[in-house]
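Please read the structure below before turning to the comments.
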2 protein chains.
Amino acid sequence: MDVKVLGSAAGGGFPQWNCACQNCQGLRSGQIRSKARTQAQVAVRDSGSAWLLLNASPDLREQILSTPELAPVHFPRSTGISSVILTSAEVDSVVGLLHLREFQPFRVFATPSVKRILFEENRIFRVLERAKPPVIWEDIPQESWFSVGSAGNGNGLRCRAVNLGGGHPDYVSDALRSSLLPEEAVIGLVFTDGKKQMMYAPSLSGQGDEWKTWARSSELCFLDGTFWNDRELIDAGIGSKTAREIGHIPLSGRNGLLEQFNDAGKARRVLIHLNNTNPVLDEDSDQHRDVRNRGWEIAYDATDFNL
Amino acid sequence: MDVKVLGSAAGGGFPQWNCACQNCQGLRSGQIRSKARTQAQVAVRDSGSAWLLLNASPDLREQILSTPELAPVHFPRSTGISSVILTSAEVDSVVGLLHLREFQPFRVFATPSVKRILFEENRIFRVLERAKPPVIWEDIPQESWFSVGSAGNGNGLRCRAVNLGGGHPDYVSDALRSSLLPEEAVIGLVFTDGKKQMMYAPSLSGQGDEWKTWARSSELCFLDGTFWNDRELIDAGIGSKTAREIGHIPLSGRNGLLEQFNDAGKARRVLIHLNNTNPVLDEDSDQHRDVRNRGWEIAYDATDFNL
C-alpha cells in the first residue's frame, strides 16, 4: 500500500490568508522554523493500481500539480485517480471536488447523509455530471468492508468507515439536518490490502472509542492534530469556542489525544490536520519536542509512506 | 489605480490536473516555452486604499499567499481585502469565496440573480455567515455607477456593470433559472477613480456591442482570451461544443475578437482567462506572435499595472 500526504493543515492551511498569529507571521517572516502546509489531503493506493483521494481539499488543484505521480499520461485527458472518499461534508473535505470538474469520470464514495447534503442543498456539485460518463456516486455502508479497488480487475483495497462522532456542518439547513443520520456525519476510514492496514481520522470529536481499536491494529494511523490546547482559539483571540466544542479533542491536557492514545500497539502514529495556531508547527517549540519524544510523528506536505 | 493579475488562465488553470494536451504536457515536460497560470483572478484598488477582488477563483488561497501585499498585518487576524465583486455564478468565479471562510468580515457585490443562485441552491456559501460581523452582500445595479470604495472614508473606486450576454451556469435548477434575469448572468466590470478607467471582461459571449464602447474609453481592458479557434475543444478531442456555444467568442477567424476589436482607441488590451488548449500560451507559436504583432498583450500571473 502506498500512502501520500499531499496536505497536512486544518481548514485555512498554514499560513492562513487572513491570519497574523504568532505561527503564521513567524512562518511568513522566517522567524520560526516550520514548514508551510496546504489543507489536509491524503492519497492511497494498492501498489501499482489507481490512486484514491481521501477527501477533496480546497487546495486540491495545487496538490495534484505538485505531485508528478498524479499527472495524466494519456492524450488528450486522463487521470491516475479513480476515486474520492469523503469523511464529512465540511468545506475542507468537499470543495476540492469542484477542482475536479473538468469533464473527468471518477467515483465519489460518501455516506448517504453527506451525499444528500451535496445533492439536495448544493447544486454547484452538479458540475461533476458534465463528465461523460458522469461521476458515479457510491454509498459508504455502516460497519462493513467495501471494495474501493479498480472496478473489474478484482484487486485493490478494501475500506471500512468508523463513526467518529461530531455533527453535520453548520451550513446545512435545519430541515435537512433533522432527516440526516448523526452517525454518518464524520467518519474515519480504515484501509486494508489484506496484509497491511492504515487508518485516516483527521477529526476526532472525543465521542466513542471504536477508533482506538482500529488505530491500534493498523500499521499506520493519521489522527487529529488540529489543536494543542482546548482553549487555543480563545487564548489566541480568534474564536469563542473550545476545541472540543468544534469537534476536535486537543492533543494536550487531561483526556487529550496524547493521553488517550499513549499505548498505540504496533501503530505508527502521525498527527495530521494541524491548525495554524497549533504550537507543534514550530519545530523549536516545547510542544513539538514533547510530541516527538512520545513517539508521535507530525505530518507535513509531500511525504510518502509505504506499507 | 493599482491592478494586480493574480491568475490568468480559464477554468482548470494551466496546466490542468487531468489534461495531457500539447500545451499542458509541453509545459510539464519543459518542451514548450510558456508559463504556468492559475485560474483568472484580478485585484484592484484606488492607490493606497483596500483591495477589491474581481471574482474569487478556485485558486484564491494560493494566489493570496503568493502576493505579499495581500498578507494580513494586524494580530491576530485581518486583511487588506475589503470586497469581492462577482461577474457570474460560474465555478471559476465563486468557489474562492469558500477559501475566505475564516471568520473574516468583508463585502460581496453580486447581481441579484447571482446572489439568488448562491443563497437559494448552494447553502455551503453560508459558511461566510460565521464571520462576526458576517459577510455583507450588496446588489450590483444595472446600468448605473456604484461605489466600491472603503465605507466611510469617502474616496475609492466606482464601478459599473456591463451586460456581456451568456447564460447562468448549467448547475442551476430549471425552476430557479426561469425566475432569474438573463442580463444578470455574465457581466463585465468598469472601474474609475475619476481620472483613469479600467475594464474587466473575461467572458465575452459575442452578444451585444456595449462592452466595446467601455473598453475603448478605458486606459486598460482585460478581455476574453479563452480560445483561439471556435472548434478548439472539438479539434483537441476534448469536447463536443464550439467556443461560441459555451459563451466565448474565439480570438481568430471571422468576427473573432481580434477582428472585432482591432481599433481599440487608447486602450491597452490584455487577453486574460486563457484556456490551456489555446496556442497563444506557447510563446514560440505563430498565434502568440500574431496576437503580439497586433498590439495585444497576454496576461500572466503576478503582474502589476498602475494607471
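Ligands are numbered from 1 in the order shown, chains are lettered A, B, ... in the order of the C-alpha cells, and residues start at 1 in each chain.
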Go through chain B and flag each residue having an atom no more than 9 Å from chain A; for those, report the closest pair of atoms plus their distance in Å to one decimal, using only C-alpha atoms, ordered by chain and rising number, as JSON lines.
{"residue": "B:Gly11", "atom": "CA", "partner": "A:Glu102", "partner_atom": "CA", "distance": 8.3}
{"residue": "B:Gly12", "atom": "CA", "partner": "A:Glu102", "partner_atom": "CA", "distance": 6.8}
{"residue": "B:Gly13", "atom": "CA", "partner": "A:Arg61", "partner_atom": "CA", "distance": 8.7}
{"residue": "B:Pro15", "atom": "CA", "partner": "A:Leu65", "partner_atom": "CA", "distance": 7.9}
{"residue": "B:Gln16", "atom": "CA", "partner": "A:Arg61", "partner_atom": "CA", "distance": 8.1}
{"residue": "B:Trp17", "atom": "CA", "partner": "A:Leu65", "partner_atom": "CA", "distance": 6.3}
{"residue": "B:Asn18", "atom": "CA", "partner": "A:Ser78", "partner_atom": "CA", "distance": 5.3}
{"residue": "B:Cys19", "atom": "CA", "partner": "A:Arg77", "partner_atom": "CA", "distance": 4.5}
{"residue": "B:Ala20", "atom": "CA", "partner": "A:Pro76", "partner_atom": "CA", "distance": 4.9}
{"residue": "B:Cys21", "atom": "CA", "partner": "A:Pro76", "partner_atom": "CA", "distance": 4.9}
{"residue": "B:Gln22", "atom": "CA", "partner": "A:Pro76", "partner_atom": "CA", "distance": 8.1}
{"residue": "B:Gln25", "atom": "CA", "partner": "A:Val73", "partner_atom": "CA", "distance": 8.6}
{"residue": "B:Arg28", "atom": "CA", "partner": "A:Ala71", "partner_atom": "CA", "distance": 9.0}
{"residue": "B:Pro58", "atom": "CA", "partner": "A:His99", "partner_atom": "CA", "distance": 7.2}
{"residue": "B:Asp59", "atom": "CA", "partner": "A:Asp59", "partner_atom": "CA", "distance": 7.4}
{"residue": "B:Arg61", "atom": "CA", "partner": "A:Trp17", "partner_atom": "CA", "distance": 6.4}
{"residue": "B:Glu62", "atom": "CA", "partner": "A:Asp59", "partner_atom": "CA", "distance": 7.9}
{"residue": "B:Ile64", "atom": "CA", "partner": "A:Trp17", "partner_atom": "CA", "distance": 6.5}
{"residue": "B:Leu65", "atom": "CA", "partner": "A:Trp17", "partner_atom": "CA", "distance": 6.3}
{"residue": "B:Leu70", "atom": "CA", "partner": "A:Trp17", "partner_atom": "CA", "distance": 8.3}
{"residue": "B:Ala71", "atom": "CA", "partner": "A:Trp17", "partner_atom": "CA", "distance": 6.7}
{"residue": "B:Pro72", "atom": "CA", "partner": "A:Asn18", "partner_atom": "CA", "distance": 5.4}
{"residue": "B:Val73", "atom": "CA", "partner": "A:Ala20", "partner_atom": "CA", "distance": 6.4}
{"residue": "B:His74", "atom": "CA", "partner": "A:Ala20", "partner_atom": "CA", "distance": 6.3}
{"residue": "B:Phe75", "atom": "CA", "partner": "A:Ala20", "partner_atom": "CA", "distance": 4.9}
{"residue": "B:Pro76", "atom": "CA", "partner": "A:Cys21", "partner_atom": "CA", "distance": 4.9}
{"residue": "B:Arg77", "atom": "CA", "partner": "A:Cys19", "partner_atom": "CA", "distance": 4.5}
{"residue": "B:Ser78", "atom": "CA", "partner": "A:Asn18", "partner_atom": "CA", "distance": 5.3}
{"residue": "B:Thr79", "atom": "CA", "partner": "A:Asn18", "partner_atom": "CA", "distance": 5.4}
{"residue": "B:Gly80", "atom": "CA", "partner": "A:Asn18", "partner_atom": "CA", "distance": 8.8}
{"residue": "B:Glu90", "atom": "CA", "partner": "A:Ile124", "partner_atom": "CA", "distance": 8.7}
{"residue": "B:Val91", "atom": "CA", "partner": "A:Leu98", "partner_atom": "CA", "distance": 7.4}
{"residue": "B:Val95", "atom": "CA", "partner": "A:Leu98", "partner_atom": "CA", "distance": 7.9}
{"residue": "B:Gly96", "atom": "CA", "partner": "A:Pro58", "partner_atom": "CA", "distance": 8.8}
{"residue": "B:Leu98", "atom": "CA", "partner": "A:Val91", "partner_atom": "CA", "distance": 7.4}
{"residue": "B:His99", "atom": "CA", "partner": "A:Gly12", "partner_atom": "CA", "distance": 7.0}
{"residue": "B:Leu100", "atom": "CA", "partner": "A:Trp17", "partner_atom": "CA", "distance": 7.8}
{"residue": "B:Arg101", "atom": "CA", "partner": "A:Gly12", "partner_atom": "CA", "distance": 8.1}
{"residue": "B:Glu102", "atom": "CA", "partner": "A:Gly12", "partner_atom": "CA", "distance": 6.8}
{"residue": "B:Phe103", "atom": "CA", "partner": "A:Gly239", "partner_atom": "CA", "distance": 8.6}
{"residue": "B:Gln104", "atom": "CA", "partner": "A:Asn18", "partner_atom": "CA", "distance": 7.5}
{"residue": "B:Leu118", "atom": "CA", "partner": "A:Asn122", "partner_atom": "CA", "distance": 8.6}
{"residue": "B:Glu120", "atom": "CA", "partner": "A:Glu121", "partner_atom": "CA", "distance": 8.3}
{"residue": "B:Glu121", "atom": "CA", "partner": "A:Asn122", "partner_atom": "CA", "distance": 5.6}
{"residue": "B:Asn122", "atom": "CA", "partner": "A:Asn122", "partner_atom": "CA", "distance": 4.0}
{"residue": "B:Arg123", "atom": "CA", "partner": "A:Glu121", "partner_atom": "CA", "distance": 5.8}
{"residue": "B:Ile124", "atom": "CA", "partner": "A:Tyr171", "partner_atom": "CA", "distance": 5.6}
{"residue": "B:Phe125", "atom": "CA", "partner": "A:Tyr171", "partner_atom": "CA", "distance": 7.6}
{"residue": "B:Arg126", "atom": "CA", "partner": "A:Tyr171", "partner_atom": "CA", "distance": 5.4}
{"residue": "B:Val127", "atom": "CA", "partner": "A:Tyr171", "partner_atom": "CA", "distance": 5.9}
{"residue": "B:Glu129", "atom": "CA", "partner": "A:Tyr171", "partner_atom": "CA", "distance": 9.0}
{"residue": "B:Pro169", "atom": "CA", "partner": "A:Ile124", "partner_atom": "CA", "distance": 8.9}
{"residue": "B:Asp170", "atom": "CA", "partner": "A:Val127", "partner_atom": "CA", "distance": 7.4}
{"residue": "B:Tyr171", "atom": "CA", "partner": "A:Arg126", "partner_atom": "CA", "distance": 5.4}
{"residue": "B:Val172", "atom": "CA", "partner": "A:Arg123", "partner_atom": "CA", "distance": 6.6}
{"residue": "B:Ser173", "atom": "CA", "partner": "A:Arg123", "partner_atom": "CA", "distance": 7.7}
{"residue": "B:Ala236", "atom": "CA", "partner": "A:Pro76", "partner_atom": "CA", "distance": 7.0}
{"residue": "B:Gly237", "atom": "CA", "partner": "A:Pro76", "partner_atom": "CA", "distance": 6.6}
{"residue": "B:Ile238", "atom": "CA", "partner": "A:Pro76", "partner_atom": "CA", "distance": 6.6}
{"residue": "B:Gly239", "atom": "CA", "partner": "A:Phe103", "partner_atom": "CA", "distance": 8.6}
**Message:** Using DSSP secondary structure from the backbone, list all helix (DSSP H, G or I) positions within stretch 87-186 of chain B, as an MDAnalysis selection string.
**Reply:** chainID B and resid 91:100 112:121 123:130 174:177 182:184
Within 12 Å of B:Arg292, counting only C-alpha atoms, which residues show up once you throw out same-chain ones fewer than 3 positions away? Write them as a PDB file with N, CA and C atoms, in the first residue's frame, please.
ATOM      1  N   LEU B 258     -10.106  39.357 -32.244  1.00  0.00           N
ATOM      2  CA  LEU B 258      -9.033  40.175 -32.833  1.00  0.00           C
ATOM      3  C   LEU B 258      -9.589  41.058 -33.944  1.00  0.00           C
ATOM      4  N   ARG B 269      -4.793  46.667 -24.409  1.00  0.00           N
ATOM      5  CA  ARG B 269      -5.641  45.455 -24.466  1.00  0.00           C
ATOM      6  C   ARG B 269      -4.879  44.233 -23.953  1.00  0.00           C
ATOM      7  N   VAL B 270      -5.409  43.581 -22.954  1.00  0.00           N
ATOM      8  CA  VAL B 270      -4.741  42.418 -22.357  1.00  0.00           C
ATOM      9  C   VAL B 270      -5.681  41.220 -22.395  1.00  0.00           C
ATOM     10  N   LEU B 271      -5.241  40.125 -23.006  1.00  0.00           N
ATOM     11  CA  LEU B 271      -6.039  38.900 -23.029  1.00  0.00           C
ATOM     12  C   LEU B 271      -5.896  38.172 -21.696  1.00  0.00           C
ATOM     13  N   VAL B 280      -1.884  30.424 -28.060  1.00  0.00           N
ATOM     14  CA  VAL B 280      -1.128  31.647 -27.706  1.00  0.00           C
ATOM     15  C   VAL B 280      -0.324  31.462 -26.421  1.00  0.00           C
ATOM     16  N   LEU B 281      -0.641  30.415 -25.627  1.00  0.00           N
ATOM     17  CA  LEU B 281       0.131  30.162 -24.406  1.00  0.00           C
ATOM     18  C   LEU B 281       1.579  29.771 -24.717  1.00  0.00           C
ATOM     19  N   GLU B 283       4.827  30.521 -26.241  1.00  0.00           N
ATOM     20  CA  GLU B 283       5.424  31.799 -26.645  1.00  0.00           C
ATOM     21  C   GLU B 283       6.185  31.721 -27.966  1.00  0.00           C
ATOM     22  N   ASP B 284       6.367  30.513 -28.469  1.00  0.00           N
ATOM     23  CA  ASP B 284       7.012  30.364 -29.777  1.00  0.00           C
ATOM     24  C   ASP B 284       6.010  30.070 -30.891  1.00  0.00           C
ATOM     25  N   SER B 285       4.738  30.118 -30.584  1.00  0.00           N
ATOM     26  CA  SER B 285       3.735  29.776 -31.602  1.00  0.00           C
ATOM     27  C   SER B 285       3.467  30.950 -32.544  1.00  0.00           C
ATOM     28  N   ASP B 286       3.003  30.623 -33.743  1.00  0.00           N
ATOM     29  CA  ASP B 286       2.597  31.662 -34.698  1.00  0.00           C
ATOM     30  C   ASP B 286       1.467  32.514 -34.113  1.00  0.00           C
ATOM     31  N   GLN B 287       0.563  31.844 -33.393  1.00  0.00           N
ATOM     32  CA  GLN B 287      -0.588  32.559 -32.839  1.00  0.00           C
ATOM     33  C   GLN B 287      -0.145  33.576 -31.776  1.00  0.00           C
ATOM     34  N   HIS B 288       0.835  33.201 -30.958  1.00  0.00           N
ATOM     35  CA  HIS B 288       1.362  34.133 -29.954  1.00  0.00           C
ATOM     36  C   HIS B 288       1.953  35.369 -30.655  1.00  0.00           C
ATOM     37  N   ARG B 289       2.756  35.117 -31.666  1.00  0.00           N
ATOM     38  CA  ARG B 289       3.363  36.230 -32.405  1.00  0.00           C
ATOM     39  C   ARG B 289       2.303  37.112 -33.062  1.00  0.00           C
ATOM     40  N   GLY B 295      -0.641  44.172 -31.362  1.00  0.00           N
ATOM     41  CA  GLY B 295      -0.639  45.140 -30.269  1.00  0.00           C
ATOM     42  C   GLY B 295      -1.335  44.667 -29.002  1.00  0.00           C
ATOM     43  N   TRP B 296      -1.748  43.403 -28.976  1.00  0.00           N
ATOM     44  CA  TRP B 296      -2.375  42.876 -27.758  1.00  0.00           C
ATOM     45  C   TRP B 296      -1.298  42.373 -26.801  1.00  0.00           C
ATOM     46  N   GLU B 297      -1.620  42.393 -25.510  1.00  0.00           N
ATOM     47  CA  GLU B 297      -0.773  41.754 -24.506  1.00  0.00           C
ATOM     48  C   GLU B 297      -1.451  40.469 -24.042  1.00  0.00           C
ATOM     49  N   ILE B 298      -0.679  39.560 -23.459  1.00  0.00           N
ATOM     50  CA  ILE B 298      -1.211  38.288 -22.977  1.00  0.00           C
ATOM     51  C   ILE B 298      -0.910  38.208 -21.486  1.00  0.00           C
ATOM     52  N   ALA B 299      -1.962  38.139 -20.675  1.00  0.00           N
ATOM     53  CA  ALA B 299      -1.760  38.200 -19.228  1.00  0.00           C
ATOM     54  C   ALA B 299      -1.036  36.955 -18.717  1.00  0.00           C
TER      55      ALA B 299
END
**Prompt:** Which of these residues is nearest to A:Asp235, using only C-alpha atoms: A:Asn278, A:Ala267, A:Ser203, A:His248?
**Reply:**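 Result for the nearest residue to A:Asp235: A:Asn278.
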**Request:** Tell me, as a list in words, which residues lie within 7 Å of stretch 184-197 of chain A, counting only C-alpha atoms; anything in the same chain fewer than 6 positions away does not count.
**Result:**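 Returned residues: Met1, Asp46, Thr87, Ser88, Thr111, Ser113, Val114, Gly156, Leu157, Arg158, Cys159, Arg160, Ala161, Val162, Asn163, Leu164, Gly165, Gly166, Gly167, His168, Ser218, Glu219, Leu220 and Leu307 of chain A.
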**Message:** Show me, as a PyMOL selection string, the residues that have an atom within 10 Å of B:Lys241 when counting only C-alpha atoms, minus same-chain residues fewer than 3 positions from it.
**Reply:** chain B and resi 230-234+238+244-246
**Request:** For A:Arg254, please output as a VMD selection string all residues within 12 Å (counting only C-alpha atoms; exclusion window: fewer than 4 positions along the same chain).
**Result:** chain A and resid 228 to 230 249 to 250 258 to 261
**Pick from B:Thr277, B:Ser205, B:Ala264, B:Ile272 nearest to B:Gly247, counting only C-alpha atoms** = B:Ser205
**Request:** Just the residues within 9 Å of B:Asn306, please, counting only C-alpha atoms, with nothing from its chain fewer than 5 positions along; format it as a ChimeraX atom specification.
**Result:** /B:1-4,47
**Item:** Those in stretch 150-245 of chain A with strand (DSSP E) from DSSP, as a list of chain:residue names
**Value:**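 Output for stretch 150-245 of chain A, strand (DSSP E) only: A:Arg158, A:Cys159, A:Arg160, A:Ala161, A:Val162, A:Asn163, A:Ile187, A:Gly188, A:Leu189, A:Val190, A:Phe191, A:Thr192, A:Gln197, A:Met198, A:Met199, A:Tyr200, A:Ala201, A:Leu220, A:Cys221, A:Phe222, A:Leu223, A:Asp224.
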